[in-house]
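Student: Structure in structure tokens, see below.
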Amino acid sequence: MIVKTIIFVNPKNLQLGYFQKFLPLGVPLGIGLLAARLRSLGYEVRLWDLEIEVFTDQHILNSIPDEGKNIIFAISCMTPNASQGYDFANNIRKLLPKAYITFGGIHPTAVPDEPLRLGCANAVVRGEGEETFPKLISCLEESKPIYNLPNISTFDASGNIVHGSAVIEKLDLNMYPSFPYDLIDT
């Protein structure tokens, strides 16, 4: 797989109902910093924040060529927006069957089987992704198996869910690029 574009997705949180309008919108720092990291490695990245923008099926189809071939969707979830993330991923599977879908964030790290079992994801990046996600992409580009990568949950050759060993990475954020504010469309 030749990775052309990585699209980071922040799903909308619908769990707060009526009270949602009283809370300020936050900047999706986690996926922004990860996008900056991957851009510094030479990848084209995009940031889709579903809290502030609606992506219709037509918009998705118009902006992603070739049924999603060579595109990775990286969806980051907390528990309140996990169901929206899963819905979005299922829609991407329907619209762009060749896209590769990953999940990360607090919720998928805690329950990595969930997006895999639901058919929403090809892989789950557990914990901090600054080092793990580039390794995942390298394996995909080199057609190497990913099921033994640390901090990755995925399927083995038999279709069973497997979890790479858990490794706690000590990151020095000063070693990574700054937040890519240019990716946020205001």
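Residues in the structure tokens are numbered from 1 in each chain, the chains being A, B, ... in the order shown, and ligands are numbered from 1 in the order shown.
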Identify, with DSSP run on backbone atoms, the residues in chain A assigned to strand (DSSP E or B), and express the list as a PyMOL selection string.
Tutor: chain A and resi 5-10+44-49+71-76+100-104+123-125+152-155+161-163
Student: Give me a file of those residues, with N, CA, C and O atoms, as a short mmCIF file (atom, residue, chain, number, x, y, z; two decimals), in the first residue's frame.
Tutor:
data_model
loop_
_atom_site.label_atom_id
_atom_site.label_comp_id
_atom_site.auth_asym_id
_atom_site.auth_seq_id
_atom_site.Cartn_x
_atom_site.Cartn_y
_atom_site.Cartn_z
N THR A 5 -2.53 9.84 1.54
CA THR A 5 -3.11 10.84 2.44
C THR A 5 -3.58 10.17 3.71
O THR A 5 -4.12 9.07 3.67
N ILE A 6 -3.39 10.88 4.82
CA ILE A 6 -3.93 10.43 6.11
C ILE A 6 -4.93 11.49 6.55
O ILE A 6 -4.58 12.67 6.65
N ILE A 7 -6.15 11.06 6.78
CA ILE A 7 -7.21 11.97 7.20
C ILE A 7 -7.52 11.69 8.66
O ILE A 7 -8.01 10.62 9.00
N PHE A 8 -7.22 12.66 9.50
CA PHE A 8 -7.50 12.55 10.93
C PHE A 8 -8.91 13.06 11.17
O PHE A 8 -9.28 14.14 10.70
N VAL A 9 -9.68 12.29 11.94
CA VAL A 9 -11.09 12.61 12.14
C VAL A 9 -11.39 12.74 13.63
O VAL A 9 -11.06 11.86 14.42
N ASN A 10 -12.02 13.85 13.98
CA ASN A 10 -12.54 14.07 15.33
C ASN A 10 -14.05 13.95 15.25
O ASN A 10 -14.73 14.85 14.73
N GLU A 44 0.97 13.63 3.25
CA GLU A 44 -0.11 14.62 3.14
C GLU A 44 -1.13 14.29 4.22
O GLU A 44 -1.54 13.13 4.36
N VAL A 45 -1.51 15.28 5.00
CA VAL A 45 -2.48 15.05 6.07
C VAL A 45 -3.63 16.05 5.95
O VAL A 45 -3.46 17.15 5.41
N ARG A 46 -4.77 15.62 6.44
CA ARG A 46 -5.95 16.48 6.54
C ARG A 46 -6.55 16.27 7.92
O ARG A 46 -6.36 15.22 8.53
N LEU A 47 -7.28 17.25 8.38
CA LEU A 47 -7.96 17.15 9.66
C LEU A 47 -9.44 17.46 9.44
O LEU A 47 -9.78 18.55 8.99
N TRP A 48 -10.28 16.47 9.72
CA TRP A 48 -11.72 16.65 9.59
C TRP A 48 -12.30 16.68 11.00
O TRP A 48 -12.32 15.67 11.69
N ASP A 49 -12.77 17.84 11.40
CA ASP A 49 -13.36 18.00 12.73
C ASP A 49 -14.88 18.01 12.58
O ASP A 49 -15.47 19.01 12.17
N ILE A 71 -5.59 5.68 1.06
CA ILE A 71 -6.01 6.67 2.04
C ILE A 71 -6.16 5.97 3.39
O ILE A 71 -6.75 4.89 3.48
N ILE A 72 -5.63 6.60 4.43
CA ILE A 72 -5.84 6.10 5.80
C ILE A 72 -6.71 7.11 6.52
O ILE A 72 -6.43 8.30 6.53
N PHE A 73 -7.77 6.61 7.13
CA PHE A 73 -8.59 7.41 8.04
C PHE A 73 -8.15 7.07 9.45
O PHE A 73 -8.13 5.90 9.83
N ALA A 74 -7.79 8.08 10.21
CA ALA A 74 -7.36 7.91 11.60
C ALA A 74 -8.39 8.61 12.48
O ALA A 74 -8.42 9.84 12.57
N ILE A 75 -9.25 7.83 13.10
CA ILE A 75 -10.37 8.36 13.88
C ILE A 75 -10.01 8.28 15.35
O ILE A 75 -9.69 7.21 15.86
N SER A 76 -10.07 9.42 16.02
CA SER A 76 -9.72 9.49 17.44
C SER A 76 -10.98 9.70 18.27
O SER A 76 -11.76 10.61 18.00
N TYR A 100 -8.30 2.48 4.34
CA TYR A 100 -7.80 1.80 5.53
C TYR A 100 -8.21 2.64 6.73
O TYR A 100 -7.97 3.85 6.76
N ILE A 101 -8.85 2.02 7.71
CA ILE A 101 -9.41 2.77 8.84
C ILE A 101 -8.74 2.34 10.14
O ILE A 101 -8.70 1.15 10.48
N THR A 102 -8.22 3.34 10.85
CA THR A 102 -7.64 3.10 12.17
C THR A 102 -8.41 3.89 13.21
O THR A 102 -9.01 4.92 12.90
N PHE A 103 -8.38 3.39 14.42
CA PHE A 103 -8.95 4.11 15.56
C PHE A 103 -7.86 4.30 16.59
O PHE A 103 -6.95 3.49 16.72
N GLY A 104 -7.98 5.39 17.33
CA GLY A 104 -7.08 5.67 18.42
C GLY A 104 -7.79 6.57 19.41
O GLY A 104 -8.95 6.92 19.22
N ALA A 123 -7.32 -1.48 12.16
CA ALA A 123 -6.34 -1.52 13.26
C ALA A 123 -6.70 -0.46 14.29
O ALA A 123 -7.36 0.52 14.00
N VAL A 124 -6.23 -0.70 15.52
CA VAL A 124 -6.37 0.26 16.61
C VAL A 124 -4.98 0.59 17.12
O VAL A 124 -4.18 -0.31 17.38
N VAL A 125 -4.69 1.89 17.22
CA VAL A 125 -3.44 2.36 17.80
C VAL A 125 -3.72 2.65 19.26
O VAL A 125 -4.53 3.51 19.59
N ILE A 152 -0.43 -2.00 18.89
CA ILE A 152 -1.38 -2.14 17.78
C ILE A 152 -2.27 -3.34 18.05
O ILE A 152 -1.81 -4.40 18.44
N SER A 153 -3.57 -3.14 17.85
CA SER A 153 -4.53 -4.24 17.87
C SER A 153 -5.09 -4.35 16.46
O SER A 153 -5.39 -3.33 15.82
N THR A 154 -5.22 -5.57 15.97
CA THR A 154 -5.67 -5.78 14.60
C THR A 154 -6.11 -7.24 14.44
O THR A 154 -6.37 -7.92 15.43
N PHE A 155 -6.15 -7.71 13.22
CA PHE A 155 -6.50 -9.09 12.92
C PHE A 155 -5.27 -9.84 12.44
O PHE A 155 -4.45 -9.30 11.70
N ILE A 161 -8.75 -11.41 16.36
CA ILE A 161 -8.26 -10.16 16.92
C ILE A 161 -7.04 -10.46 17.77
O ILE A 161 -7.07 -11.36 18.61
N VAL A 162 -5.96 -9.72 17.50
CA VAL A 162 -4.73 -9.88 18.25
C VAL A 162 -4.24 -8.52 18.72
O VAL A 162 -4.52 -7.50 18.10
N HIS A 163 -3.49 -8.53 19.82
CA HIS A 163 -2.98 -7.30 20.40
C HIS A 163 -1.47 -7.39 20.52
O HIS A 163 -0.95 -8.31 21.15
#
Student: Please identify which residues in region 3-185 of chain A DSSP calls helix (DSSP H, G or I) from the backbone, and express them as number ranges by chain.
Tutor: A: 17-22, 29-40, 57-63, 66-68, 79-95, 106-110, 113-117, 132-141, 173-175, 181-183
Student: Would you mind exporting the chosen residues as a PDB file, in the first residue's frame, restricted to C-alpha atoms?
Tutor:
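Okay, this is what ended up in out_29.pdb:
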ATOM      1  CA  GLY A  17     -27.800  16.548  24.141  1.00  0.00           C
ATOM      2  CA  TYR A  18     -29.325  19.869  25.155  1.00  0.00           C
ATOM      3  CA  PHE A  19     -26.271  20.860  27.197  1.00  0.00           C
ATOM      4  CA  GLN A  20     -23.917  20.631  24.204  1.00  0.00           C
ATOM      5  CA  LYS A  21     -24.650  24.225  23.206  1.00  0.00           C
ATOM      6  CA  PHE A  22     -23.351  25.500  26.544  1.00  0.00           C
ATOM      7  CA  LEU A  29      -5.034  18.590  20.073  1.00  0.00           C
ATOM      8  CA  GLY A  30      -4.232  14.879  19.943  1.00  0.00           C
ATOM      9  CA  ILE A  31      -4.954  14.341  16.271  1.00  0.00           C
ATOM     10  CA  GLY A  32      -3.522  17.744  15.407  1.00  0.00           C
ATOM     11  CA  LEU A  33      -0.181  16.916  16.971  1.00  0.00           C
ATOM     12  CA  LEU A  34      -0.167  13.500  15.334  1.00  0.00           C
ATOM     13  CA  ALA A  35      -1.001  15.125  11.975  1.00  0.00           C
ATOM     14  CA  ALA A  36       1.938  17.516  12.452  1.00  0.00           C
ATOM     15  CA  ARG A  37       4.218  14.568  13.211  1.00  0.00           C
ATOM     16  CA  LEU A  38       3.197  12.672  10.079  1.00  0.00           C
ATOM     17  CA  ARG A  39       3.377  15.767   7.901  1.00  0.00           C
ATOM     18  CA  SER A  40       6.952  16.263   9.126  1.00  0.00           C
ATOM     19  CA  ASP A  57     -21.580  11.529   1.403  1.00  0.00           C
ATOM     20  CA  GLN A  58     -21.229  13.668  -1.717  1.00  0.00           C
ATOM     21  CA  HIS A  59     -18.482  15.787  -0.148  1.00  0.00           C
ATOM     22  CA  ILE A  60     -16.586  12.665   0.891  1.00  0.00           C
ATOM     23  CA  LEU A  61     -16.910  11.078  -2.551  1.00  0.00           C
ATOM     24  CA  ASN A  62     -15.844  14.313  -4.272  1.00  0.00           C
ATOM     25  CA  SER A  63     -12.794  14.812  -2.061  1.00  0.00           C
ATOM     26  CA  ASP A  66     -10.371   5.911  -6.240  1.00  0.00           C
ATOM     27  CA  GLU A  67     -12.742   4.458  -3.603  1.00  0.00           C
ATOM     28  CA  GLY A  68     -10.274   5.489  -0.893  1.00  0.00           C
ATOM     29  CA  THR A  79     -16.147   7.443  25.096  1.00  0.00           C
ATOM     30  CA  PRO A  80     -18.790  10.160  24.515  1.00  0.00           C
ATOM     31  CA  ASN A  81     -18.080  10.325  20.782  1.00  0.00           C
ATOM     32  CA  ALA A  82     -17.123   6.689  20.113  1.00  0.00           C
ATOM     33  CA  SER A  83     -20.521   5.728  18.678  1.00  0.00           C
ATOM     34  CA  GLN A  84     -20.337   8.663  16.263  1.00  0.00           C
ATOM     35  CA  GLY A  85     -16.833   7.564  15.299  1.00  0.00           C
ATOM     36  CA  TYR A  86     -18.096   4.063  14.596  1.00  0.00           C
ATOM     37  CA  ASP A  87     -20.995   5.408  12.521  1.00  0.00           C
ATOM     38  CA  PHE A  88     -18.607   7.592  10.541  1.00  0.00           C
ATOM     39  CA  ALA A  89     -16.232   4.660   9.951  1.00  0.00           C
ATOM     40  CA  ASN A  90     -19.071   2.409   8.787  1.00  0.00           C
ATOM     41  CA  ASN A  91     -20.146   5.108   6.343  1.00  0.00           C
ATOM     42  CA  ILE A  92     -16.563   5.422   5.073  1.00  0.00           C
ATOM     43  CA  ARG A  93     -16.478   1.614   4.602  1.00  0.00           C
ATOM     44  CA  LYS A  94     -19.644   1.877   2.502  1.00  0.00           C
ATOM     45  CA  LEU A  95     -18.506   4.884   0.432  1.00  0.00           C
ATOM     46  CA  ILE A 106      -8.766   7.059  25.014  1.00  0.00           C
ATOM     47  CA  HIS A 107     -11.807   4.877  24.280  1.00  0.00           C
ATOM     48  CA  PRO A 108     -10.225   2.569  21.661  1.00  0.00           C
ATOM     49  CA  THR A 109      -7.125   2.271  23.842  1.00  0.00           C
ATOM     50  CA  ALA A 110      -9.306   1.059  26.730  1.00  0.00           C
ATOM     51  CA  ASP A 113     -11.581  -5.062  20.521  1.00  0.00           C
ATOM     52  CA  GLU A 114     -14.708  -2.914  20.150  1.00  0.00           C
ATOM     53  CA  PRO A 115     -14.012  -1.088  16.848  1.00  0.00           C
ATOM     54  CA  LEU A 116     -12.439  -4.244  15.427  1.00  0.00           C
ATOM     55  CA  ARG A 117     -15.326  -6.505  16.458  1.00  0.00           C
ATOM     56  CA  THR A 132       3.425   3.836  16.895  1.00  0.00           C
ATOM     57  CA  PHE A 133       1.399   5.285  14.022  1.00  0.00           C
ATOM     58  CA  PRO A 134       4.434   5.951  11.757  1.00  0.00           C
ATOM     59  CA  LYS A 135       5.565   2.349  12.370  1.00  0.00           C
ATOM     60  CA  LEU A 136       2.116   1.095  11.389  1.00  0.00           C
ATOM     61  CA  ILE A 137       2.228   3.129   8.176  1.00  0.00           C
ATOM     62  CA  SER A 138       5.739   1.844   7.364  1.00  0.00           C
ATOM     63  CA  CYS A 139       4.556  -1.742   7.729  1.00  0.00           C
ATOM     64  CA  LEU A 140       1.565  -1.068   5.469  1.00  0.00           C
ATOM     65  CA  GLU A 141       3.781   0.550   2.834  1.00  0.00           C
ATOM     66  CA  LEU A 173       6.945  16.703  23.003  1.00  0.00           C
ATOM     67  CA  ASN A 174       9.713  19.213  22.342  1.00  0.00           C
ATOM     68  CA  MET A 175      11.029  16.747  19.770  1.00  0.00           C
ATOM     69  CA  TYR A 181      -3.108  25.468  12.997  1.00  0.00           C
ATOM     70  CA  ASP A 182      -3.159  25.797   9.216  1.00  0.00           C
ATOM     71  CA  LEU A 183      -5.172  22.543   9.054  1.00  0.00           C
TER      72      LEU A 183
END
Student: Counting only C-alpha atoms, figure out which residue out of A:Thr56, A:Glu130, A:Glu51, A:Met78 gets nearest to Lys170 (chain A).
Tutor: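 Nearest candidate to Lys170 (chain A) out of A:Thr56, A:Glu130, A:Glu51, A:Met78: A:Glu130.
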Student: Excluding Glu169 (chain A) and residues on its chain fewer than 3 positions from it, collect all residues at most 12 Å away from it, counting only C-alpha atoms, and give them as a PyMOL selection string.
Tutor: chain A and resi 126-132+150-151+166+172-173
Student: Can I get the selection written as a compact mmCIF listing (two decimals), in the first residue's frame, with N, CA, C and O atoms?
Tutor:
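Contents of out_34.txt, as written:
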# COMPACT_ATOMS: atom_id res chain seq x y z
N ARG A 126 -3.06 1.91 20.14
CA ARG A 126 -3.29 2.06 21.58
C ARG A 126 -2.23 2.99 22.17
O ARG A 126 -1.06 2.90 21.82
N GLY A 127 -2.66 3.84 23.09
CA GLY A 127 -1.72 4.74 23.74
C GLY A 127 -1.35 5.91 22.84
O GLY A 127 -2.08 6.26 21.91
N GLU A 128 -0.20 6.49 23.12
CA GLU A 128 0.27 7.63 22.32
C GLU A 128 0.68 7.13 20.94
O GLU A 128 1.33 6.11 20.80
N GLY A 129 0.30 7.87 19.91
CA GLY A 129 0.55 7.40 18.55
C GLY A 129 1.73 8.02 17.84
O GLY A 129 2.02 7.66 16.70
N GLU A 130 2.45 8.95 18.48
CA GLU A 130 3.51 9.68 17.80
C GLU A 130 4.60 8.78 17.23
O GLU A 130 5.17 9.09 16.19
N GLU A 131 4.87 7.67 17.89
CA GLU A 131 5.86 6.73 17.37
C GLU A 131 5.20 5.49 16.77
O GLU A 131 5.67 4.94 15.78
N THR A 132 4.09 5.06 17.35
CA THR A 132 3.43 3.84 16.89
C THR A 132 2.80 4.00 15.52
O THR A 132 2.93 3.12 14.66
N PRO A 150 4.05 -3.48 18.57
CA PRO A 150 3.64 -3.01 19.91
C PRO A 150 2.59 -1.91 19.79
O PRO A 150 2.63 -1.08 18.89
N ASN A 151 1.64 -1.92 20.71
CA ASN A 151 0.58 -0.91 20.82
C ASN A 151 -0.40 -0.92 19.65
O ASN A 151 -1.12 0.06 19.44
N ALA A 166 1.95 -4.21 24.96
CA ALA A 166 1.75 -2.83 25.42
C ALA A 166 3.10 -2.25 25.84
O ALA A 166 3.78 -2.81 26.68
N ASP A 172 9.05 13.09 24.52
CA ASP A 172 9.45 14.46 24.77
C ASP A 172 8.79 15.29 23.68
O ASP A 172 9.25 15.31 22.53
N LEU A 173 7.70 15.97 24.01
CA LEU A 173 6.95 16.70 23.00
C LEU A 173 7.75 17.81 22.35
O LEU A 173 7.39 18.29 21.28
Student: What is the distance, in Å and to one decimal place, between CA of Val3 (chain A) and CA of Ile64 (chain A)?
Tutor: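 About the pair CA of Val3 (chain A) and CA of Ile64 (chain A): they are 13.1 Å apart.
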